[in-house]
Amino acid sequence: MKGCYFCKGKLVEEKVKVDFRWGRRLKIIENVPADVCQQCGEQYFQSAVYKAMEKLAASRKKPVSRLTVDVHRFKAAV
Ligand SMILES: [Zn+2]
């Protein structure tokens with residue numbers, strides 16, 4: 001297995017939670033297999049996994065749960 005593209009850290013396969021943007025919607029997909037860098041936390045997905053996430057995000061299937069998300073506009077600290 002290759003190391004991290006950014007920091008050359010070690011990649012370990014884990015199940016992660018992904019914030020997936022689909023148009024104006026934000027969907028959170030749980031339990032996604034990814035190679036996670038143990039140093040910087042970068043996540044790598046196989047293209048088949050990514051395609052499956054897109055399909056899931058586009059589907060009208062009822063989600064397992066629903067979250068409320070607050071949107072803020074960045075403002076520099078004074
Ligand atoms: Zn890394």
# chains A, B, ... in the order shown; residues from 1 in each chain; ligands from 1
call {"tool": "residues_around", "arguments": {"residues": "Gln39 of chain A", "least_positions_apart": "6", "cutoff": "8 Å", "atoms": "only C-alpha atoms", "output": "PyMOL selection string"}}
result
chain A and resi 7+9-10
call {"tool": "residues_near_ligand", "arguments": {"ligand": "ligand 1", "cutoff": "12 Å", "atoms": "only C-alpha atoms and all ligand atoms", "output": "list in words"}}
result
Lys2, Gly3, Cys4, Tyr5, Phe6, Cys7, Lys8, Gly9, Lys10, Leu11, Val12, Asp35, Val36, Cys37, Gln38, Gln39, Cys40, Gly41, Glu42, Gln43 and Tyr44 of chain A
call {"tool": "residues_around", "arguments": {"residues": "Pro63 of chain A", "least_positions_apart": "3", "cutoff": "12 Å", "atoms": "only C-alpha atoms", "output": "PyMOL selection string"}}
result
chain A and resi 27-30+56-60+66-67
call {"tool": "select_by_dssp", "arguments": {"residues": "chain A", "states": "strand (DSSP E)", "output": "PyMOL selection string"}}
result
chain A and resi 11-22+25-37+43-44
call {"tool": "closest_residue", "arguments": {"among": "A:Lys62, A:Lys51, A:Lys75, A:Lys17", "to": "Val32 of chain A", "atoms": "only C-alpha atoms"}}
result
A:Lys17
call {"tool": "closest_residue", "arguments": {"among": "A:Leu26, A:Pro33, A:Met53, A:Val16", "to": "Asp70 of chain A", "atoms": "only C-alpha atoms"}}
result
A:Leu26
call {"tool": "atom_distance", "arguments": {"atom1": "atom CA of Ser65 of chain A", "atom2": "atom CA of Glu13 of chain A"}}
result
25.0 Å
call {"tool": "atom_distance", "arguments": {"atom1": "atom CA of Arg25 of chain A", "atom2": "atom CA of Thr68 of chain A"}}
result
12.0 Å
call {"tool": "atom_distance", "arguments": {"atom1": "atom CA of Arg73 of chain A", "atom2": "atom CA of Val18 of chain A"}}
result
22.0 Å
call {"tool": "select_by_dssp", "arguments": {"residues": "segment 30-78 of chain A", "states": "alpha helix (DSSP H)", "output": "PyMOL selection string"}}
result
chain A and resi 47-58
call {"tool": "write_last_selection", "arguments": {"atoms": "N, CA and C atoms", "output": "mmCIF file, in the first residue's frame"}}
result
data_model
loop_
_atom_site.group_PDB
_atom_site.id
_atom_site.type_symbol
_atom_site.label_atom_id
_atom_site.label_comp_id
_atom_site.auth_asym_id
_atom_site.auth_seq_id
_atom_site.Cartn_x
_atom_site.Cartn_y
_atom_site.Cartn_z
ATOM 1 N N SER A 47 -12.365 4.666 -6.365
ATOM 2 C CA SER A 47 -13.345 5.287 -7.258
ATOM 3 C C SER A 47 -14.704 4.599 -7.191
ATOM 4 N N ALA A 48 -14.711 3.295 -6.957
ATOM 5 C CA ALA A 48 -15.985 2.578 -6.839
ATOM 6 C C ALA A 48 -16.746 3.049 -5.597
ATOM 7 N N VAL A 49 -15.998 3.326 -4.533
ATOM 8 C CA VAL A 49 -16.610 3.804 -3.291
ATOM 9 C C VAL A 49 -17.188 5.203 -3.514
ATOM 10 N N TYR A 50 -16.422 6.024 -4.229
ATOM 11 C CA TYR A 50 -16.871 7.389 -4.505
ATOM 12 C C TYR A 50 -18.143 7.370 -5.352
ATOM 13 N N LYS A 51 -18.161 6.515 -6.338
ATOM 14 C CA LYS A 51 -19.342 6.379 -7.212
ATOM 15 C C LYS A 51 -20.560 5.948 -6.405
ATOM 16 N N ALA A 52 -20.350 5.017 -5.483
ATOM 17 C CA ALA A 52 -21.448 4.529 -4.652
ATOM 18 C C ALA A 52 -21.982 5.646 -3.761
ATOM 19 N N MET A 53 -21.076 6.530 -3.288
ATOM 20 C CA MET A 53 -21.505 7.654 -2.458
ATOM 21 C C MET A 53 -22.336 8.632 -3.275
ATOM 22 N N GLU A 54 -21.917 8.876 -4.520
ATOM 23 C CA GLU A 54 -22.670 9.763 -5.410
ATOM 24 C C GLU A 54 -24.073 9.232 -5.640
ATOM 25 N N LYS A 55 -24.146 7.931 -5.846
ATOM 26 C CA LYS A 55 -25.423 7.281 -6.104
ATOM 27 C C LYS A 55 -26.351 7.415 -4.889
ATOM 28 N N LEU A 56 -25.746 7.217 -3.734
ATOM 29 C CA LEU A 56 -26.485 7.311 -2.477
ATOM 30 C C LEU A 56 -26.976 8.743 -2.253
ATOM 31 N N ALA A 57 -26.111 9.716 -2.549
ATOM 32 C CA ALA A 57 -26.466 11.123 -2.358
ATOM 33 C C ALA A 57 -27.576 11.532 -3.309
ATOM 34 N N ALA A 58 -27.591 10.962 -4.494
ATOM 35 C CA ALA A 58 -28.581 11.337 -5.499
ATOM 36 C C ALA A 58 -29.905 10.619 -5.300
#
